[in-house]
file protein-v8.cif (mmCIF, C-alpha atoms)
data_start
#
loop_
_atom_site.group_PDB
_atom_site.id
_atom_site.type_symbol
_atom_site.label_atom_id
_atom_site.label_comp_id
_atom_site.auth_asym_id
_atom_site.auth_seq_id
_atom_site.Cartn_x
_atom_site.Cartn_y
_atom_site.Cartn_z
ATOM 1 C CA LYS A 1 9.585 6.197 -9.979
ATOM 2 C CA ALA A 2 7.663 4.221 -7.401
ATOM 3 C CA GLY A 3 9.558 2.944 -4.407
ATOM 4 C CA VAL A 4 9.363 -0.327 -2.546
ATOM 5 C CA THR A 5 5.856 -1.095 -1.336
ATOM 6 C CA GLN A 6 5.138 -3.324 1.595
ATOM 7 C CA THR A 7 1.696 -4.405 2.698
ATOM 8 C CA PRO A 8 0.167 -4.391 5.152
ATOM 9 C CA ARG A 9 1.886 -1.701 7.218
ATOM 10 C CA TYR A 10 0.589 -3.005 10.532
ATOM 11 C CA LEU A 11 -0.622 -6.405 11.608
ATOM 12 C CA ILE A 12 -1.749 -7.926 14.880
ATOM 13 C CA LYS A 13 -1.879 -11.706 15.102
ATOM 14 C CA THR A 14 -2.392 -14.292 17.821
ATOM 15 C CA ARG A 15 0.172 -16.893 18.809
ATOM 16 C CA GLY A 16 -0.098 -20.000 16.699
ATOM 17 C CA GLN A 17 -1.549 -18.214 13.691
ATOM 18 C CA GLN A 18 0.244 -17.706 10.432
ATOM 19 C CA VAL A 19 0.862 -14.500 8.508
ATOM 20 C CA THR A 20 1.795 -13.473 4.987
ATOM 21 C CA LEU A 21 3.568 -10.226 4.195
ATOM 22 C CA SER A 22 3.968 -8.767 0.738
ATOM 23 C CA CYS A 23 6.674 -6.722 -0.940
ATOM 24 C CA SER A 24 6.572 -5.095 -4.368
ATOM 25 C CA PRO A 25 10.066 -4.039 -5.450
ATOM 26 C CA ILE A 26 11.063 -1.110 -7.593
ATOM 27 C CA SER A 27 10.141 -1.662 -11.221
ATOM 28 C CA GLY A 28 12.932 -3.517 -12.998
ATOM 29 C CA HIS A 29 14.506 -4.841 -9.816
ATOM 30 C CA ARG A 30 14.810 -8.602 -9.634
ATOM 31 C CA SER A 31 16.163 -9.098 -6.128
ATOM 32 C CA VAL A 32 14.102 -8.906 -2.971
ATOM 33 C CA SER A 33 15.598 -9.463 0.457
ATOM 34 C CA TRP A 34 13.782 -9.690 3.773
ATOM 35 C CA TYR A 35 15.017 -8.498 7.155
ATOM 36 C CA GLN A 36 13.669 -8.672 10.669
ATOM 37 C CA GLN A 37 14.298 -5.699 12.951
ATOM 38 C CA THR A 38 13.858 -5.991 16.708
ATOM 39 C CA PRO A 39 15.222 -3.863 19.578
ATOM 40 C CA GLY A 40 17.107 -6.833 20.993
ATOM 41 C CA GLN A 41 18.574 -8.463 17.898
ATOM 42 C CA GLY A 42 18.768 -5.515 15.535
ATOM 43 C CA LEU A 43 18.496 -6.065 11.807
ATOM 44 C CA GLN A 44 18.794 -9.688 10.778
ATOM 45 C CA PHE A 45 18.763 -11.138 7.281
ATOM 46 C CA LEU A 46 16.012 -13.627 6.563
ATOM 47 C CA PHE A 47 16.396 -14.525 2.889
ATOM 48 C CA GLU A 48 16.917 -13.156 -0.593
ATOM 49 C CA TYR A 49 15.061 -14.028 -3.748
ATOM 50 C CA PHE A 50 16.371 -13.377 -7.217
ATOM 51 C CA SER A 51 14.456 -14.262 -10.352
ATOM 52 C CA GLU A 52 12.017 -16.433 -8.389
ATOM 53 C CA THR A 53 14.800 -18.455 -6.727
ATOM 54 C CA GLN A 54 16.028 -18.226 -3.174
ATOM 55 C CA ARG A 55 19.613 -17.078 -3.504
ATOM 56 C CA ASN A 56 20.566 -16.713 0.156
ATOM 57 C CA LYS A 57 19.080 -17.715 3.470
ATOM 58 C CA GLY A 58 19.705 -16.448 6.955
ATOM 59 C CA ASN A 59 19.668 -18.329 10.204
ATOM 60 C CA PHE A 60 15.957 -18.467 10.935
ATOM 61 C CA PRO A 61 13.760 -21.489 11.650
ATOM 62 C CA GLY A 62 11.766 -23.159 8.932
ATOM 63 C CA ARG A 63 8.618 -21.386 10.102
ATOM 64 C CA PHE A 64 9.879 -18.456 8.081
ATOM 65 C CA SER A 65 9.517 -18.966 4.359
ATOM 66 C CA GLY A 66 9.210 -16.880 1.267
ATOM 67 C CA ARG A 67 8.659 -16.891 -2.417
ATOM 68 C CA GLN A 68 8.967 -14.618 -5.395
ATOM 69 C CA PHE A 69 6.671 -14.349 -8.344
ATOM 70 C CA SER A 70 7.484 -13.789 -11.995
ATOM 71 C CA ASN A 71 6.762 -10.056 -11.619
ATOM 72 C CA SER A 72 9.411 -9.939 -8.837
ATOM 73 C CA ARG A 73 6.863 -9.328 -6.102
ATOM 74 C CA SER A 74 7.719 -11.342 -3.033
ATOM 75 C CA GLU A 75 5.816 -12.742 -0.097
ATOM 76 C CA MET A 76 7.083 -13.834 3.256
ATOM 77 C CA ASN A 77 5.179 -16.298 5.394
ATOM 78 C CA VAL A 78 5.559 -17.029 9.072
ATOM 79 C CA SER A 79 3.702 -20.037 10.422
ATOM 80 C CA THR A 80 2.884 -20.916 14.013
ATOM 81 C CA LEU A 81 3.585 -17.406 15.249
ATOM 82 C CA GLU A 82 5.433 -16.892 18.510
ATOM 83 C CA LEU A 83 5.540 -13.791 20.701
ATOM 84 C CA GLY A 84 9.189 -13.359 19.727
ATOM 85 C CA ASP A 85 8.208 -12.908 16.090
ATOM 86 C CA SER A 86 6.907 -9.455 16.911
ATOM 87 C CA ALA A 87 9.115 -7.159 14.873
ATOM 88 C CA LEU A 88 9.393 -4.752 11.997
ATOM 89 C CA TYR A 89 9.833 -6.742 8.797
ATOM 90 C CA LEU A 90 11.628 -4.864 6.056
ATOM 91 C CA CYS A 91 12.099 -5.821 2.480
ATOM 92 C CA ALA A 92 14.880 -4.518 0.291
ATOM 93 C CA SER A 93 14.781 -4.173 -3.456
ATOM 94 C CA SER A 94 17.818 -4.203 -5.710
ATOM 95 C CA SER A 95 18.658 -4.840 -9.306
ATOM 96 C CA GLY A 96 20.258 -8.119 -8.339
ATOM 97 C CA VAL A 97 23.738 -7.116 -9.379
ATOM 98 C CA VAL A 98 25.941 -7.839 -6.403
ATOM 99 C CA GLY A 99 27.313 -4.697 -4.836
ATOM 100 C CA LEU A 100 24.707 -2.194 -5.908
ATOM 101 C CA GLU A 101 22.666 -0.514 -3.224
ATOM 102 C CA ALA A 102 19.421 -1.882 -1.907
ATOM 103 C CA PHE A 103 16.337 0.233 -1.306
ATOM 104 C CA PHE A 104 14.123 -0.537 1.629
ATOM 105 C CA GLY A 105 10.382 -0.429 1.974
ATOM 106 C CA GLN A 106 8.505 1.165 4.872
ATOM 107 C CA GLY A 107 8.170 -2.164 6.593
ATOM 108 C CA THR A 108 5.389 -4.204 8.130
ATOM 109 C CA ARG A 109 5.021 -3.916 11.880
ATOM 110 C CA LEU A 110 3.904 -7.331 13.153
ATOM 111 C CA THR A 111 2.650 -7.699 16.694
ATOM 112 C CA VAL A 112 1.978 -11.172 18.036
ATOM 113 C CA VAL A 113 -0.270 -11.339 21.104
ATOM 114 C CA GLU B 1 29.060 -15.877 10.683
ATOM 115 C CA LEU B 2 30.139 -12.362 9.826
ATOM 116 C CA LYS B 3 30.006 -9.998 12.801
ATOM 117 C CA VAL B 4 29.622 -6.246 12.450
ATOM 118 C CA GLU B 5 30.328 -3.922 15.350
ATOM 119 C CA GLN B 6 29.526 -0.262 15.479
ATOM 120 C CA ASN B 7 30.602 2.253 18.031
ATOM 121 C CA PRO B 8 29.493 4.229 19.723
ATOM 122 C CA LEU B 9 25.966 2.913 20.212
ATOM 123 C CA PHE B 10 24.743 6.294 21.365
ATOM 124 C CA LEU B 11 26.150 9.656 20.457
ATOM 125 C CA SER B 12 25.010 13.008 21.714
ATOM 126 C CA MET B 13 26.771 15.934 20.151
ATOM 127 C CA GLN B 14 26.403 19.659 19.946
ATOM 128 C CA GLU B 15 25.604 21.437 16.747
ATOM 129 C CA GLY B 16 28.709 22.501 14.900
ATOM 130 C CA LYS B 17 30.908 19.730 16.279
ATOM 131 C CA ASN B 18 32.623 16.921 14.384
ATOM 132 C CA TYR B 19 32.503 13.239 15.187
ATOM 133 C CA THR B 20 33.200 9.816 13.705
ATOM 134 C CA ILE B 21 31.221 6.588 13.850
ATOM 135 C CA TYR B 22 33.203 3.383 13.477
ATOM 136 C CA CYS B 23 32.171 0.132 11.863
ATOM 137 C CA ASN B 24 34.336 -2.964 12.263
ATOM 138 C CA TYR B 25 33.599 -6.311 10.671
ATOM 139 C CA SER B 26 34.995 -9.752 11.218
ATOM 140 C CA THR B 27 35.647 -11.285 7.801
ATOM 141 C CA THR B 28 36.834 -10.122 4.421
ATOM 142 C CA SER B 29 34.409 -8.076 2.388
ATOM 143 C CA ASP B 30 34.695 -5.232 -0.080
ATOM 144 C CA ARG B 31 31.065 -4.186 0.082
ATOM 145 C CA LEU B 32 30.079 -1.727 2.775
ATOM 146 C CA TYR B 33 26.884 0.265 3.008
ATOM 147 C CA TRP B 34 25.702 3.065 5.250
ATOM 148 C CA TYR B 35 22.033 3.652 5.980
ATOM 149 C CA ARG B 36 20.083 6.171 8.002
ATOM 150 C CA GLN B 37 16.875 5.411 9.877
ATOM 151 C CA ASP B 38 14.572 8.020 11.395
ATOM 152 C CA PRO B 39 12.229 6.935 14.198
ATOM 153 C CA GLY B 40 9.369 4.861 12.878
ATOM 154 C CA LYS B 41 10.716 5.028 9.341
ATOM 155 C CA SER B 42 12.526 2.757 6.960
ATOM 156 C CA LEU B 43 16.182 2.714 5.995
ATOM 157 C CA GLU B 44 17.533 5.372 3.682
ATOM 158 C CA SER B 45 20.643 4.568 1.675
ATOM 159 C CA LEU B 46 23.522 6.975 2.284
ATOM 160 C CA PHE B 47 26.674 5.460 0.822
ATOM 161 C CA VAL B 48 27.887 2.413 -1.067
ATOM 162 C CA LEU B 49 31.599 1.633 -0.709
ATOM 163 C CA LEU B 50 32.950 -1.096 -2.945
ATOM 164 C CA SER B 51 36.728 -0.961 -2.806
ATOM 165 C CA ASN B 52 39.607 -0.481 -0.431
ATOM 166 C CA GLY B 53 40.268 3.193 0.097
ATOM 167 C CA ALA B 54 36.872 4.254 -1.196
ATOM 168 C CA VAL B 55 35.730 7.612 0.120
ATOM 169 C CA LYS B 56 32.356 9.204 -0.517
ATOM 170 C CA GLN B 57 30.930 12.492 0.684
ATOM 171 C CA GLU B 58 27.460 13.926 0.740
ATOM 172 C CA GLY B 59 26.887 17.199 2.524
ATOM 173 C CA ARG B 60 28.163 16.962 6.090
ATOM 174 C CA LEU B 61 28.706 13.201 5.922
ATOM 175 C CA MET B 62 31.776 11.405 4.624
ATOM 176 C CA ALA B 63 32.269 7.657 4.569
ATOM 177 C CA SER B 64 35.436 5.675 3.995
ATOM 178 C CA LEU B 65 36.423 2.028 3.724
ATOM 179 C CA ASP B 66 39.630 0.235 4.684
ATOM 180 C CA THR B 67 39.172 -3.389 3.690
ATOM 181 C CA LYS B 68 42.546 -4.435 5.067
ATOM 182 C CA ALA B 69 41.639 -3.186 8.532
ATOM 183 C CA ARG B 70 38.001 -4.298 8.030
ATOM 184 C CA LEU B 71 36.944 -0.833 9.095
ATOM 185 C CA SER B 72 34.607 1.796 7.762
ATOM 186 C CA THR B 73 34.058 5.227 9.215
ATOM 187 C CA LEU B 74 31.251 7.728 8.906
ATOM 188 C CA HIS B 75 32.501 11.209 9.665
ATOM 189 C CA ILE B 76 30.109 13.991 10.574
ATOM 190 C CA THR B 77 31.275 17.536 10.020
ATOM 191 C CA ALA B 78 29.686 20.527 11.751
ATOM 192 C CA ALA B 79 26.637 18.584 12.884
ATOM 193 C CA VAL B 80 23.163 20.052 12.536
ATOM 194 C CA HIS B 81 19.932 18.963 14.201
ATOM 195 C CA ASP B 82 18.611 17.402 10.983
ATOM 196 C CA LEU B 83 21.296 14.750 11.202
ATOM 197 C CA SER B 84 19.699 13.275 14.326
ATOM 198 C CA ALA B 85 18.840 9.672 13.426
ATOM 199 C CA THR B 86 20.142 6.133 13.786
ATOM 200 C CA TYR B 87 22.965 5.216 11.434
ATOM 201 C CA PHE B 88 23.658 1.658 10.389
ATOM 202 C CA CYS B 89 26.566 0.157 8.556
ATOM 203 C CA ALA B 90 26.005 -3.059 6.651
ATOM 204 C CA VAL B 91 28.507 -5.459 5.146
ATOM 205 C CA GLY B 92 27.729 -7.355 1.988
ATOM 206 C CA SER B 93 28.538 -11.026 1.896
ATOM 207 C CA GLY B 94 28.078 -14.046 -0.287
ATOM 208 C CA THR B 95 26.967 -14.312 -3.853
ATOM 209 C CA GLY B 96 23.908 -12.141 -3.525
ATOM 210 C CA ASN B 97 22.696 -9.098 -1.710
ATOM 211 C CA GLN B 98 22.840 -10.458 1.808
ATOM 212 C CA PHE B 99 23.710 -7.712 4.268
ATOM 213 C CA TYR B 100 24.985 -8.069 7.804
ATOM 214 C CA PHE B 101 24.034 -4.985 9.777
ATOM 215 C CA GLY B 102 25.809 -3.317 12.646
ATOM 216 C CA THR B 103 24.013 -2.519 15.871
ATOM 217 C CA GLY B 104 23.367 1.042 14.810
ATOM 218 C CA THR B 105 24.481 4.360 16.265
ATOM 219 C CA SER B 106 21.760 6.582 17.652
ATOM 220 C CA LEU B 107 22.850 10.144 17.003
ATOM 221 C CA THR B 108 21.288 13.132 18.738
ATOM 222 C CA VAL B 109 22.439 16.580 17.746
ATOM 223 C CA ILE B 110 21.768 19.148 20.440
ATOM 224 C CA PRO B 111 21.249 22.805 19.496
#

call {"tool": "encode", "arguments": {"input": "protein-v8.cif", "output": "C-alpha cells"}}
result
Amino acid sequence: KAGVTQTPRYLIKTRGQQVTLSCSPISGHRSVSWYQQTPGQGLQFLFEYFSETQRNKGNFPGRFSGRQFSNSRSEMNVSTLELGDSALYLCASSSGVVGLEAFFGQGTRLTVV
Amino acid sequence: ELKVEQNPLFLSMQEGKNYTIYCNYSTTSDRLYWYRQDPGKSLESLFVLLSNGAVKQEGRLMASLDTKARLSTLHITAAVHDLSATYFCAVGSGTGNQFYFGTGTSLTVIP
C-alpha cells in the first residue's frame, strides 16, 4: 500500500515569505502529526491533527499553523519565514489509536534565505 | 515538558561486537518507540513498546522497556555495516500521538 507522501520535497523561500507544505497519510489513517528536524534542536513536535481537529500542539509560535481535510490530507503553513525555520519537516501518519506506531514521510527540506 | 535523553550520541563499533544504546525519559509514559534514520532519509519504525517489561527483537536488534526506571535500551548484537544509521527513541505522551524524541545516536559500524 502507498506510504506517506509529502510535497514538495525541496523548497527555497525568502525571509518574510510564507510557505505551505502538504502531507497525504496512508490510506485509512486519520492522524497526521508534523515534526521539525534541525541539527541543533533535533526532532520537535509541531502539532497533530485527528479527524480534521487539532488534537495536540507543540511549543512553536503562532506563525506555524496547520489543518486537515476530510480526506485526512494535511497542510502545514509557516508565515513570515525566518532563517531559523530552515529545517526538514516530517509528517507522520497513524491510525489515530493512541500507542500504535506512526509512519513517517520522506520530508520536505525547507531552506529560508 | 517531557525530556528524553539518549546516550551515547555517537557510537563507533567494529563489526561483530555488541553494544547498547540507552534512552532515559523524565516523566511517566508507557509508550516508547525506536526509529532508524539513514542519511538524507526519513524515519523507519523499528519497535513499539507499550508496557513495562516489554521486549522486542528483530534480527540483530533487541529493544526493551522499563517504565519504572523510565529507561529503554536498544541492544545491538554482532553488528554489521548495514546497521550504520542514526537511531532515535521517542516517548509517547498525552492523549494523541505526540512523540518526544531523543537526541539520536549516530552509529557507525566499522568493518

call {"tool": "residues_around", "arguments": {"input": "protein-v8.cif", "residues": "Leu83 in chain A", "least_positions_apart": "3", "cutoff": "10 Å", "atoms": "all atoms listed in the file", "output": "JSON, numbers by chain"}}
result
{"A": [13, 14, 15, 16, 86, 87, 111, 112, 113]}

call {"tool": "resolve_selection", "arguments": {"input": "protein-v8.cif", "expression": "the PyMOL selection byres ((chain A) within 10 of (chain B))", "output": "PDB file with C-alpha atoms, in the frame of the given file"}}
result
ATOM      1  CA  SER A  31      16.163  -9.098  -6.128  1.00  0.00           C
ATOM      2  CA  VAL A  32      14.102  -8.906  -2.971  1.00  0.00           C
ATOM      3  CA  SER A  33      15.598  -9.463   0.457  1.00  0.00           C
ATOM      4  CA  TRP A  34      13.782  -9.690   3.773  1.00  0.00           C
ATOM      5  CA  TYR A  35      15.017  -8.498   7.155  1.00  0.00           C
ATOM      6  CA  PRO A  39      15.222  -3.863  19.578  1.00  0.00           C
ATOM      7  CA  GLY A  40      17.107  -6.833  20.993  1.00  0.00           C
ATOM      8  CA  GLN A  41      18.574  -8.463  17.898  1.00  0.00           C
ATOM      9  CA  GLY A  42      18.768  -5.515  15.535  1.00  0.00           C
ATOM     10  CA  LEU A  43      18.496  -6.065  11.807  1.00  0.00           C
ATOM     11  CA  GLN A  44      18.794  -9.688  10.778  1.00  0.00           C
ATOM     12  CA  PHE A  45      18.763 -11.138   7.281  1.00  0.00           C
ATOM     13  CA  LEU A  46      16.012 -13.627   6.563  1.00  0.00           C
ATOM     14  CA  PHE A  47      16.396 -14.525   2.889  1.00  0.00           C
ATOM     15  CA  GLU A  48      16.917 -13.156  -0.593  1.00  0.00           C
ATOM     16  CA  TYR A  49      15.061 -14.028  -3.748  1.00  0.00           C
ATOM     17  CA  PHE A  50      16.371 -13.377  -7.217  1.00  0.00           C
ATOM     18  CA  GLN A  54      16.028 -18.226  -3.174  1.00  0.00           C
ATOM     19  CA  ARG A  55      19.613 -17.078  -3.504  1.00  0.00           C
ATOM     20  CA  ASN A  56      20.566 -16.713   0.156  1.00  0.00           C
ATOM     21  CA  LYS A  57      19.080 -17.715   3.470  1.00  0.00           C
ATOM     22  CA  GLY A  58      19.705 -16.448   6.955  1.00  0.00           C
ATOM     23  CA  ASN A  59      19.668 -18.329  10.204  1.00  0.00           C
ATOM     24  CA  LEU A  88       9.393  -4.752  11.997  1.00  0.00           C
ATOM     25  CA  LEU A  90      11.628  -4.864   6.056  1.00  0.00           C
ATOM     26  CA  CYS A  91      12.099  -5.821   2.480  1.00  0.00           C
ATOM     27  CA  ALA A  92      14.880  -4.518   0.291  1.00  0.00           C
ATOM     28  CA  SER A  93      14.781  -4.173  -3.456  1.00  0.00           C
ATOM     29  CA  SER A  94      17.818  -4.203  -5.710  1.00  0.00           C
ATOM     30  CA  SER A  95      18.658  -4.840  -9.306  1.00  0.00           C
ATOM     31  CA  GLY A  96      20.258  -8.119  -8.339  1.00  0.00           C
ATOM     32  CA  VAL A  97      23.738  -7.116  -9.379  1.00  0.00           C
ATOM     33  CA  VAL A  98      25.941  -7.839  -6.403  1.00  0.00           C
ATOM     34  CA  GLY A  99      27.313  -4.697  -4.836  1.00  0.00           C
ATOM     35  CA  LEU A 100      24.707  -2.194  -5.908  1.00  0.00           C
ATOM     36  CA  GLU A 101      22.666  -0.514  -3.224  1.00  0.00           C
ATOM     37  CA  ALA A 102      19.421  -1.882  -1.907  1.00  0.00           C
ATOM     38  CA  PHE A 103      16.337   0.233  -1.306  1.00  0.00           C
ATOM     39  CA  PHE A 104      14.123  -0.537   1.629  1.00  0.00           C
ATOM     40  CA  GLY A 105      10.382  -0.429   1.974  1.00  0.00           C
ATOM     41  CA  GLN A 106       8.505   1.165   4.872  1.00  0.00           C
ATOM     42  CA  GLY A 107       8.170  -2.164   6.593  1.00  0.00           C
ATOM     43  CA  ARG A 109       5.021  -3.916  11.880  1.00  0.00           C
TER      44      ARG A 109
END

call {"tool": "atom_distance", "arguments": {"input": "protein-v8.cif", "atom1": "CA of Asn18 in chain B", "atom2": "CA of Thr77 in chain B"}}
result
4.6 Å

call {"tool": "closest_residue", "arguments": {"input": "protein-v8.cif", "among": "B:Ile110, B:Leu65, B:Cys23, B:Leu11", "to": "Thr86 in chain B", "atoms": "all atoms listed in the file"}}
result
B:Leu11

call {"tool": "atom_distance", "arguments": {"input": "protein-v8.cif", "atom1": "CA of Arg67 in chain A", "atom2": "CA of Cys23 in chain A"}}
result
10.5 Å

call {"tool": "closest_residue", "arguments": {"input": "protein-v8.cif", "among": "A:Pro8, A:Pro25, A:Pro61, A:Gly3", "to": "Tyr89 in chain A", "atoms": "all atoms listed in the file"}}
result
A:Pro8

call {"tool": "axis_aligned_box", "arguments": {"input": "protein-v8.cif", "around": "range 79-97 of chain B", "padding_each_side": "5 Å", "output": "AutoDock Vina command-line options"}}
result
--center_x 23.6 --center_y 2.9 --center_z 5.2 --size_x 19.9 --size_y 44.4 --size_z 28.2

call {"tool": "resolve_selection", "arguments": {"input": "protein-v8.cif", "expression": "the PyMOL selection byres ((chain B and resi 62) around 10)", "output": "list in words"}}
result
Thr20, Leu46, Phe47, Val55, Lys56, Gln57, Glu58, Gly59, Arg60, Leu61, Ala63, Ser64, Thr73, Leu74, His75, Ile76 and Thr77 of chain B

call {"tool": "atom_distance", "arguments": {"input": "protein-v8.cif", "atom1": "CA of Leu81 in chain A", "atom2": "CA of Glu52 in chain A"}}
result
25.1 Å

call {"tool": "resolve_selection", "arguments": {"input": "protein-v8.cif", "expression": "the PyMOL selection byres ((chain A and resi 71) around 9)", "output": "compact mmCIF listing (two decimals) with C-alpha atoms, in the coordinates of the input"}}
result
# COMPACT_ATOMS: atom_id res chain seq x y z
CA SER A 24 6.57 -5.10 -4.37
CA ARG A 30 14.81 -8.60 -9.63
CA SER A 51 14.46 -14.26 -10.35
CA GLU A 52 12.02 -16.43 -8.39
CA GLN A 68 8.97 -14.62 -5.40
CA PHE A 69 6.67 -14.35 -8.34
CA SER A 70 7.48 -13.79 -12.00
CA SER A 72 9.41 -9.94 -8.84
CA ARG A 73 6.86 -9.33 -6.10
CA SER A 74 7.72 -11.34 -3.03

call {"tool": "residues_around", "arguments": {"input": "protein-v8.cif", "residues": "Leu107 in chain B", "least_positions_apart": "3", "cutoff": "10 Å", "atoms": "only C-alpha atoms", "output": "NGL selection string"}}
result
:B and (8-13 or 21 or 81 or 83-87 or 104 or 110)

call {"tool": "closest_residue", "arguments": {"input": "protein-v8.cif", "among": "B:Lys3, B:Tyr25, B:Glu15, B:Cys89", "to": "Thr108 in chain B", "atoms": "all atoms listed in the file"}}
result
B:Glu15
